[in-house]
Every structure is written in C-alpha cells, then in structure tokens.
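The block underneath contains the structure these notes are about, expressed in structure tokens.
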Amino acid sequence: MTNQIELPENRRRRSVWLEYFLVAMLINFSGNTTFSAFGRTDAFLLVAAAIVLFVFFWRRKPILTKPFLVFAGFFAVLFCIQCIMFDFYPYYTLLGWYIRLLIGYGVVVNVIDFPRKFVDVMVASAILGLGFYAVEQAGLFVGFDIKNLFGWLEAIVAVPGDYHIGIYNFDVAYERDRNSGYFSEPGAFAGYLMVAAIFLGLTRDLYDQRIYRRQLIILVVAIVSTFSTTSILLTPLILLLQFKRANNWRELTSRTYTQATLGLAILVTGIIALNMDNALSHKISHQLNEAVTASGNYHLTRFGSWLVDWQYLERQPFVGWGIATETRFMFHPAMESMKDNNGVSGSLVKYGLFGFGFYLFWMGRALYRMSGGNGLKVGLAIPIILGIMFTQNLLNFPLFWGIALMPFATRLQMGTFTQREYEELSQWGRRVMPAAT
C-alpha cells in the first residue's frame with residue numbers, strides 16, 4: 001500500500017479562506033457602493049486585478065487559456081467592428097472592460113466550487129443585512145434611529161446620496177422599511193440574493209439537506225425584506241427551481257405537489273400584494289404611463305428605457321453600438337453621464353444580438369453543467385436571470401462575466417492540486433461557511 005500525503009491543515013485553511021475572500025471581493029466590487037461610488041471604481045478595479053494576478057502567479061496557473069482567449073477574442077472582434085463602423089476608438093473604456101473580464105474569470109478559476117462559495121457568502125451577507133434591518137426597524141418603531149450611532153463611519157465611507165457605513169446601507173434616499181444590505185439599493189440586494197438562490201437550486205443535490213433548507217430560508221427571508229417589485233414576481237419561479245429530481249413516482253408526486261402548491265401560494269400572494277399595495281402598483285402603473293406617453297423622466301424608468309434603446313436596436317441590431325457612452329447614447333448625448341436603467345435592452349444596444357446571444361449561450365452552458373445536465377432547470381433559470389437583468393445591469397460588473405466561464409474552472413483548478421488535494425479542499429471548504437450559518 002502506498003503512503004498518501006495528507007494536505008496540511010494550515011494549507012487547507014489558507015486556500016479556503018483565500019477563496020472566500022476572493023468571492024466576497026468580487027461581490028462587493030460588483031454591488032457595494034463603498035467601492036463603486038463616483039471616482040472610486042477605477043482604483044478598486046485595479047486593486048482587484050492586481051490581487052487576481054497575484055493569485056494566478058502564486059498558484060502557478062496559466063492566465064491566457066484557450067477558453068479565455070476564445071471568449072475574449074470574440075468580443076475583441078466585435079469591438080473592432082464597432083470601432084471601425086463609428087471611427088471611434090475608446091481604448092480606455094475597452095481596457096476597463098477587459099480588466100472586469102479578467103477579474104471575474106480569475107476569481108471563478110481560482111475558487112474551487114465557486115457556486116457553493118458564492119451562496120455561502122451571500123447567505124452571510126443576508127444574515128448581516130437582516131441583522132441591521134431588524135435592529136433598524138425596531139429602533140424606528142420606538143422612535144430611535146440607530147443610523148445616528150454610525151455617523152463617524154458614514155463620514156469615512158462617504159457614498160454620495162446614501163447613508164452607507166460599508167457593511168450596511170441605511171438608504172435614506174428610499175423607503176426606510178426596505179432592506180438594502182450593503183448594496184446600492186434594495187433591488188440590487190434582491191438581485192444578488194436571487195442569483196444565489198438560483199445557484200442553490202441548481203446544485204441542491206450536492207448539499208446536506210439541512211444546510212440546504214437553512215440557506216434557502218435565509219435567502220428567501222432576505223429577498224422578501226427588500227420589498228422589491230422584481231423579487232415579488234420572480235420568487236415563485238425561484239422556488240419552483242428548487243425541485244429535486246425524484247427516484248420514483250411516489251417521491252415525484254409528493255415533492256411536485258408540495259413545491260408547486262408553495263409556489264402557487266406565493267404567486268397568488270404576490271399578485272394580491274401588487275393589487276393591495278398602493279406603492280408597488282402605483283410604481284408600475286406610473287412607469288408604464290410615463291413610457292407610453294413619453295412624459296416626465298420616462299427614459300429613466302425600466303419600461304421607458306426600452307423605448308429609448310429601441311431607437312438604437314432597430315437601426316443596428318446585430319453588432320451593437322459599443323460600450324462607450326459616446327456611441328451607446330449617440331442620439332441622446334445628454335444621457336451620456338447616465339447608467340442603463342434596463343439591463344436587457346442596454347446590453348442588447350451595447351453588444352448587439354451577436355454579442356448578447358454569445359454571452360447567453362456561454363451562461364446557459366455554465367448553468368447546464370452546474371445543474372448536472374438538468375435542462376429543465378436551466379430553461380427556468382435563464383428567464384429568471386433575464387428578469388433580474390431587466391432592473392439591474394449585471395453585465396456592468398466582473399461577477400457575471402466570470403460566471404459565463406465557470407465550465408472551464410474545474411479543469412484549471414485540477415491543474416494546481418493533485419486529485420486527492422482537490423477532493424480534500426472541496427470537502428473541507430463545504431464545512432466552513434455553512435457551519436457558521
């Protein structure tokens with residue numbers, strides 16, 4: 001019998017906690033306004049890129065792999081076509097895009113079992129957000145605003161327009177009864193929580209079921225606390241995504257009826273809430289009315305953005321208008337300083353049908369492999385992600401470019417560790433964050 005060398009405990013700990021740090025960094029750089037406030041984005045992206053490059057060299061992994069080159073090369077060709085068509089060459093903007101791609105790809109490649117660690121970090125973020133939210137609401141109920149205790153920290157973080165303390169956004173610009181976590185606004189927090197719930201549903205067969213149920217409950221409670229219109233509409237679909245493949249007809253019948261009944265109940269509850277809650281129903285009807293009549297700031301709403309973006313899509317639908325604001329808002333130069341208010345139409349304008357379709361293909365393939373080849377779940381997950389993108393422009397951030405390259409992460413990870421070390425790291429890492437939650 002050959003002696004097998006055990007992976008040292010200290011190396012396990014360093015590797016696992018480094019990976020959790022990378023995932024937390026990726027999420028924060030994509031959603032925490034402490035890092036994305038005006039004037040800070042470029043500096044923090046360079047820091048993140050430097051960290052990712054250091055990890056690549058430390059673990060002796062190749063950066064320019066074939067999948068990365070194919071993906072990056074496709075968009076390089078697309079960007080070249082756009083530059084030639086408009087005779088405009090935004091080198092700085094394109095460099096920023098590739099830095100984002102490198103960060104997303106680098107984290108996904110260097111994190112063993114990325115979907116699980118992403119869920120763990122988002123569950124921890126949900127617990128943190130719910131803790132602050134509960135104390136905040138209790139304080140407001142008795143007439144005491146706890147945000148006043150953190151004035152010194154808010155002055156250090158200094159996020160324009162928000163009372164942000166880095167680990168929680170008191171979000172005075174919005175309704176105080178909504179939970180933003182440490183994200184820019186409640187809808188963004190709900191979007192990332194829903195992505196974690198999607199990952200959880202696609203990989204639930206790999207979980208201890210007690211841990212799975214605990215994490216799902218925490219995520220759903222946090223999603224509900226955001227009172228996001230999109231989350232109300234998509235939560236029933238996310239719950240349907242939690243189906244588990246049955247081994248026999250009786251098991252299938254039991255699980256199907258239970259989860260379908262739960263999903264139907266929440267769907268009915270959501271419809272009733274939309275009808276009864278004046279704020280939500282007024283918000284939707286008001287935005288639709290502004291979009292139809294092209295009145296007020298209709299171009300800043302989700303529906304109005306479709307009308308603005310349609311003017312670009314009907315003229316050039318296939319290759320897009322580029323990521324530079326000078327060409328992306330060519331017919332509306334006054335909007336150059338604004339962000340996309342609809343992530344789906346905005347991405348279609350930037351990358352065209354070819355670019356956005358190429359991204360969705362790679363994303364679908366990543367989710368398909370994540371789910372173990374469950375096409376039905378992937379067929380449900382893609383519309384949910386598009387629904388999230390309808391209100392959040394996810395492709396402005398590194399995280400969602402990296403997710404598309406997940407199918408190739410495992411093979412590259414295996415090149416760093418032996419088979420035994422890889423299995424030990426995977427099993428040991430799965431016990432770290434879930435045990436704390």
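By order in the structure tokens, chains are A, B, ...; within a chain, residues start at 1; ligands start at 1, following the order shown.
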Show which residues sit within 7 Å of range 18-35 of chain A, as a PyMOL selection string. Count only C-alpha atoms, and ignore same-chain residues fewer than 4 positions away. chain A and resi 14+40-41+44+107+111+117-118+121+157+159+166+182-184+397-399
Which residues of range 308-385 of chain A have any atom within 12 Å of an atom in range 188-194 of chain A when counting only C-alpha atoms, and what is the closest pair of atoms for each, with the distance in Å to one decimal? Order the rows by chain and rising number and write it as CSV.
```
residue,atom,partner,partner_atom,distance
A:Gly343,CA,A:Ala188,CA,12.0
A:Ala381,CA,A:Met194,CA,10.3
A:Ile384,CA,A:Met194,CA,8.6
A:Ile385,CA,A:Met194,CA,8.5
```
Residue among A:Gly346, A:Gly357, A:Gly364, A:Pro115 lying closest to Asn393 in chain A, counting only C-alpha atoms: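 For Asn393 in chain A, the nearest of the given residues is A:Gly346.
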Between A:Thr65, A:Ser125, A:Ser36, A:Ser347, smallest distance to Thr391 in chain A by only C-alpha atoms belongs to A:Ser347
Calculated over only C-alpha atoms, which of the candidates A:Phe318, A:Tyr91, A:Phe361, A:Phe79 has the smallest distance to Leu348 in chain A?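 The answer is A:Phe318, which sits nearest to Leu348 in chain A.
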Could you tell me which of A:Asp171, A:Glu326, A:Asp177, A:Asp162 comes closest to Gly139 in chain A if we count only C-alpha atoms?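 Ranked by minimum distance to Gly139 in chain A, first place goes to A:Asp177.
Distances to Met85 in chain A were evaluated for A:Leu405, A:Thr327, A:Gln392, A:Ser371 using only C-alpha atoms, and the minimum falls at A:Thr327.
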Between CA of Ala404 in chain A and CA of Met370 in chain A, what is the distance in Å, rounded to a tenth?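 Result for CA of Ala404 in chain A versus CA of Met370 in chain A: 11.1 Å, one decimal.
Put simply, CA of Ala134 in chain A is 10.9 Å away from CA of Ala222 in chain A.
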Nearest residue to Arg116 in chain A from the set A:Tyr133, A:Phe75, A:Trp401, A:Phe199 (distances using only C-alpha atoms):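 Counting only C-alpha atoms, the residue closest to Arg116 in chain A is A:Phe199.
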Length of the CA of Phe88 in chain A to CA of Phe400 in chain A vector [Å]: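 Interatomic distance here is 26.7 Å.
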Alpha helix (DSSP H) call set, DSSP backbone run, range 41-144 of chain A, as a CSV table (one decimal) with N, CA and C atoms, in the first residue's frame:
```
chain,number,residue,atom,x,y,z
A,41,THR,N,-14.3,53.6,-8.6
A,41,THR,CA,-14.4,52.4,-9.4
A,41,THR,C,-13.1,52.0,-10.0
A,42,ASP,N,-12.5,52.9,-10.7
A,42,ASP,CA,-11.2,52.5,-11.4
A,42,ASP,C,-10.1,52.1,-10.5
A,43,ALA,N,-10.0,52.8,-9.4
A,43,ALA,CA,-8.9,52.5,-8.4
A,43,ALA,C,-9.1,51.1,-7.8
A,44,PHE,N,-10.4,50.8,-7.4
A,44,PHE,CA,-10.6,49.5,-6.8
A,44,PHE,C,-10.6,48.3,-7.8
A,45,LEU,N,-10.9,48.6,-9.1
A,45,LEU,CA,-10.8,47.6,-10.1
A,45,LEU,C,-9.4,47.2,-10.3
A,46,LEU,N,-8.5,48.2,-10.3
A,46,LEU,CA,-7.1,47.9,-10.4
A,46,LEU,C,-6.5,47.1,-9.3
A,47,VAL,N,-7.0,47.5,-8.1
A,47,VAL,CA,-6.6,46.7,-6.9
A,47,VAL,C,-7.1,45.2,-7.0
A,48,ALA,N,-8.3,45.1,-7.4
A,48,ALA,CA,-8.9,43.7,-7.6
A,48,ALA,C,-8.1,42.9,-8.7
A,49,ALA,N,-7.8,43.6,-9.8
A,49,ALA,CA,-7.0,43.0,-10.8
A,49,ALA,C,-5.6,42.5,-10.3
A,50,ALA,N,-5.0,43.4,-9.5
A,50,ALA,CA,-3.7,43.1,-9.0
A,50,ALA,C,-3.7,41.9,-8.1
A,51,ILE,N,-4.8,41.8,-7.3
A,51,ILE,CA,-5.0,40.6,-6.4
A,51,ILE,C,-5.2,39.4,-7.2
A,52,VAL,N,-6.0,39.4,-8.2
A,52,VAL,CA,-6.3,38.3,-9.0
A,52,VAL,C,-5.0,37.8,-9.7
A,53,LEU,N,-4.2,38.7,-10.3
A,53,LEU,CA,-3.0,38.3,-10.9
A,53,LEU,C,-2.0,37.7,-9.9
A,54,PHE,N,-1.9,38.3,-8.7
A,54,PHE,CA,-1.1,37.7,-7.7
A,54,PHE,C,-1.5,36.2,-7.4
A,55,VAL,N,-2.8,36.0,-7.3
A,55,VAL,CA,-3.2,34.6,-7.0
A,55,VAL,C,-2.9,33.7,-8.2
A,56,PHE,N,-3.0,34.2,-9.4
A,56,PHE,CA,-2.7,33.4,-10.6
A,56,PHE,C,-1.2,32.9,-10.5
A,57,PHE,N,-0.3,33.9,-10.2
A,57,PHE,CA,1.1,33.6,-10.1
A,57,PHE,C,1.5,32.7,-8.9
A,58,TRP,N,0.8,33.0,-7.8
A,58,TRP,CA,1.1,32.2,-6.6
A,58,TRP,C,0.7,30.8,-6.8
A,66,LYS,N,-7.2,28.6,-23.4
A,66,LYS,CA,-8.0,28.6,-24.6
A,66,LYS,C,-9.4,29.1,-24.4
A,67,PRO,N,-10.1,28.7,-23.4
A,67,PRO,CA,-11.5,29.3,-23.2
A,67,PRO,C,-11.5,30.8,-23.0
A,68,PHE,N,-10.6,31.3,-22.2
A,68,PHE,CA,-10.5,32.7,-22.0
A,68,PHE,C,-10.2,33.5,-23.3
A,69,LEU,N,-9.2,32.9,-24.1
A,69,LEU,CA,-8.9,33.6,-25.4
A,69,LEU,C,-10.0,33.5,-26.4
A,70,VAL,N,-10.8,32.4,-26.4
A,70,VAL,CA,-11.9,32.3,-27.3
A,70,VAL,C,-13.0,33.4,-26.9
A,71,PHE,N,-13.3,33.4,-25.6
A,71,PHE,CA,-14.3,34.4,-25.2
A,71,PHE,C,-13.9,35.8,-25.4
A,72,ALA,N,-12.7,36.1,-24.9
A,72,ALA,CA,-12.2,37.5,-25.0
A,72,ALA,C,-11.9,37.8,-26.5
A,73,GLY,N,-11.5,36.9,-27.3
A,73,GLY,CA,-11.3,37.1,-28.7
A,73,GLY,C,-12.5,37.4,-29.5
A,74,PHE,N,-13.6,36.7,-29.2
A,74,PHE,CA,-14.9,37.0,-29.8
A,74,PHE,C,-15.3,38.5,-29.6
A,75,PHE,N,-15.2,38.9,-28.4
A,75,PHE,CA,-15.6,40.3,-28.1
A,75,PHE,C,-14.6,41.3,-28.6
A,76,ALA,N,-13.3,40.9,-28.8
A,76,ALA,CA,-12.3,41.8,-29.4
A,76,ALA,C,-12.7,42.0,-30.8
A,77,VAL,N,-13.1,41.0,-31.5
A,77,VAL,CA,-13.6,41.2,-32.9
A,77,VAL,C,-14.8,42.1,-33.0
A,78,LEU,N,-15.7,41.8,-32.1
A,78,LEU,CA,-17.0,42.6,-32.0
A,78,LEU,C,-16.6,44.1,-31.8
A,79,PHE,N,-15.7,44.3,-30.8
A,79,PHE,CA,-15.4,45.7,-30.5
A,79,PHE,C,-14.6,46.4,-31.7
A,80,CYS,N,-13.8,45.6,-32.4
A,80,CYS,CA,-13.1,46.2,-33.5
A,80,CYS,C,-14.1,46.6,-34.6
A,81,ILE,N,-15.1,45.7,-34.9
A,81,ILE,CA,-16.1,46.1,-35.9
A,81,ILE,C,-16.8,47.4,-35.5
A,82,GLN,N,-17.1,47.5,-34.2
A,82,GLN,CA,-17.8,48.7,-33.7
A,82,GLN,C,-16.9,49.9,-33.9
A,83,CYS,N,-15.7,49.8,-33.5
A,83,CYS,CA,-14.7,50.9,-33.6
A,83,CYS,C,-14.6,51.4,-35.1
A,84,ILE,N,-14.5,50.4,-36.0
A,84,ILE,CA,-14.3,50.8,-37.4
A,84,ILE,C,-15.6,51.4,-38.0
A,85,MET,N,-16.7,50.9,-37.6
A,85,MET,CA,-18.0,51.4,-38.1
A,85,MET,C,-18.2,52.9,-37.6
A,86,PHE,N,-17.8,53.2,-36.4
A,86,PHE,CA,-18.1,54.6,-35.9
A,86,PHE,C,-16.8,55.4,-36.0
A,91,TYR,N,-10.1,53.4,-26.3
A,91,TYR,CA,-9.1,52.5,-25.7
A,91,TYR,C,-9.3,52.3,-24.2
A,92,TYR,N,-9.4,53.4,-23.5
A,92,TYR,CA,-9.5,53.4,-22.0
A,92,TYR,C,-10.8,52.6,-21.6
A,93,THR,N,-11.9,52.8,-22.3
A,93,THR,CA,-13.1,52.1,-21.9
A,93,THR,C,-13.0,50.6,-22.2
A,94,LEU,N,-12.4,50.3,-23.3
A,94,LEU,CA,-12.2,48.8,-23.7
A,94,LEU,C,-11.2,48.2,-22.7
A,95,LEU,N,-10.2,48.9,-22.3
A,95,LEU,CA,-9.3,48.3,-21.3
A,95,LEU,C,-10.0,48.0,-20.0
A,96,GLY,N,-10.9,48.9,-19.6
A,96,GLY,CA,-11.7,48.7,-18.4
A,96,GLY,C,-12.6,47.5,-18.5
A,97,TRP,N,-13.1,47.2,-19.7
A,97,TRP,CA,-14.0,46.0,-19.9
A,97,TRP,C,-13.1,44.8,-19.7
A,98,TYR,N,-11.9,44.8,-20.3
A,98,TYR,CA,-11.1,43.6,-20.2
A,98,TYR,C,-10.6,43.3,-18.8
A,99,ILE,N,-10.4,44.4,-18.1
A,99,ILE,CA,-10.0,44.3,-16.7
A,99,ILE,C,-11.1,43.6,-15.9
A,100,ARG,N,-12.4,44.0,-16.1
A,100,ARG,CA,-13.5,43.4,-15.5
A,100,ARG,C,-13.6,41.9,-15.8
A,101,LEU,N,-13.4,41.6,-17.1
A,101,LEU,CA,-13.4,40.2,-17.5
A,101,LEU,C,-12.4,39.4,-16.8
A,102,LEU,N,-11.2,39.9,-16.8
A,102,LEU,CA,-10.0,39.3,-16.1
A,102,LEU,C,-10.4,39.0,-14.6
A,103,ILE,N,-10.9,40.0,-14.0
A,103,ILE,CA,-11.3,39.8,-12.5
A,103,ILE,C,-12.3,38.7,-12.3
A,104,GLY,N,-13.4,38.8,-13.1
A,104,GLY,CA,-14.4,37.8,-13.0
A,104,GLY,C,-13.9,36.4,-13.3
A,105,TYR,N,-13.2,36.3,-14.4
A,105,TYR,CA,-12.6,35.0,-14.8
A,105,TYR,C,-11.6,34.5,-13.8
A,106,GLY,N,-10.8,35.4,-13.3
A,106,GLY,CA,-9.7,35.0,-12.4
A,106,GLY,C,-10.3,34.5,-11.1
A,107,VAL,N,-11.3,35.1,-10.6
A,107,VAL,CA,-11.9,34.6,-9.3
A,107,VAL,C,-12.6,33.3,-9.5
A,108,VAL,N,-13.3,33.1,-10.6
A,108,VAL,CA,-14.0,31.8,-10.8
A,108,VAL,C,-13.0,30.7,-11.0
A,109,VAL,N,-11.9,30.9,-11.7
A,109,VAL,CA,-10.9,29.9,-11.9
A,109,VAL,C,-10.2,29.5,-10.6
A,110,ASN,N,-10.0,30.5,-9.8
A,110,ASN,CA,-9.1,30.2,-8.6
A,110,ASN,C,-10.0,29.9,-7.4
A,114,PHE,N,-17.0,27.3,-7.0
A,114,PHE,CA,-17.4,28.7,-6.9
A,114,PHE,C,-18.9,28.9,-6.6
A,115,PRO,N,-19.8,28.1,-7.2
A,115,PRO,CA,-21.3,28.3,-6.9
A,115,PRO,C,-21.6,28.2,-5.4
A,116,ARG,N,-21.0,27.2,-4.8
A,116,ARG,CA,-21.3,26.9,-3.4
A,116,ARG,C,-20.7,28.1,-2.5
A,117,LYS,N,-19.5,28.5,-2.8
A,117,LYS,CA,-18.9,29.6,-2.0
A,117,LYS,C,-19.6,30.9,-2.3
A,118,PHE,N,-20.1,31.1,-3.5
A,118,PHE,CA,-20.9,32.3,-3.7
A,118,PHE,C,-22.2,32.3,-2.9
A,119,VAL,N,-22.9,31.1,-2.8
A,119,VAL,CA,-24.1,31.0,-2.0
A,119,VAL,C,-23.7,31.3,-0.5
A,120,ASP,N,-22.6,30.7,0.0
A,120,ASP,CA,-22.2,30.9,1.4
A,120,ASP,C,-22.0,32.3,1.7
A,121,VAL,N,-21.3,33.0,0.8
A,121,VAL,CA,-21.0,34.5,1.1
A,121,VAL,C,-22.3,35.3,1.0
A,122,MET,N,-23.2,35.0,0.1
A,122,MET,CA,-24.5,35.7,0.0
A,122,MET,C,-25.4,35.4,1.2
A,123,VAL,N,-25.3,34.1,1.7
A,123,VAL,CA,-26.1,33.8,3.0
A,123,VAL,C,-25.5,34.6,4.1
A,124,ALA,N,-24.2,34.7,4.2
A,124,ALA,CA,-23.6,35.5,5.3
A,124,ALA,C,-24.0,37.0,5.1
A,125,SER,N,-24.0,37.5,3.9
A,125,SER,CA,-24.4,38.9,3.6
A,125,SER,C,-25.9,39.1,4.0
A,126,ALA,N,-26.7,38.0,3.7
A,126,ALA,CA,-28.1,38.1,4.1
A,126,ALA,C,-28.3,38.2,5.6
A,127,ILE,N,-27.6,37.4,6.3
A,127,ILE,CA,-27.7,37.4,7.8
A,127,ILE,C,-27.2,38.8,8.3
A,128,LEU,N,-26.1,39.3,7.8
A,128,LEU,CA,-25.7,40.7,8.2
A,128,LEU,C,-26.7,41.7,7.9
A,129,GLY,N,-27.3,41.7,6.7
A,129,GLY,CA,-28.3,42.7,6.3
A,129,GLY,C,-29.5,42.6,7.1
A,130,LEU,N,-30.0,41.3,7.4
A,130,LEU,CA,-31.2,41.1,8.2
A,130,LEU,C,-31.0,41.6,9.6
A,131,GLY,N,-29.8,41.4,10.1
A,131,GLY,CA,-29.5,41.8,11.5
A,131,GLY,C,-29.6,43.3,11.6
A,132,PHE,N,-29.0,44.1,10.7
A,132,PHE,CA,-29.1,45.5,10.7
A,132,PHE,C,-30.5,46.0,10.5
A,133,TYR,N,-31.1,45.3,9.6
A,133,TYR,CA,-32.5,45.7,9.2
A,133,TYR,C,-33.5,45.5,10.4
A,134,ALA,N,-33.3,44.4,11.1
A,134,ALA,CA,-34.2,44.2,12.2
A,134,ALA,C,-34.0,45.2,13.3
A,135,VAL,N,-32.7,45.5,13.6
A,135,VAL,CA,-32.5,46.5,14.7
A,135,VAL,C,-32.9,47.9,14.2
A,136,GLU,N,-32.7,48.2,12.9
A,136,GLU,CA,-33.1,49.5,12.4
A,136,GLU,C,-34.6,49.7,12.5
A,137,GLN,N,-35.4,48.6,12.1
A,137,GLN,CA,-36.9,48.7,12.1
A,137,GLN,C,-37.4,48.8,13.6
A,138,ALA,N,-36.7,48.0,14.5
A,138,ALA,CA,-37.1,48.1,15.9
A,138,ALA,C,-36.9,49.5,16.5
A,139,GLY,N,-35.7,50.1,16.1
A,139,GLY,CA,-35.4,51.4,16.6
A,139,GLY,C,-36.4,52.4,16.1
A,140,LEU,N,-36.7,52.4,14.8
A,140,LEU,CA,-37.7,53.3,14.2
A,140,LEU,C,-39.1,53.1,14.9
A,141,PHE,N,-39.4,51.9,15.2
A,141,PHE,CA,-40.7,51.7,15.9
A,141,PHE,C,-40.9,52.4,17.2
```
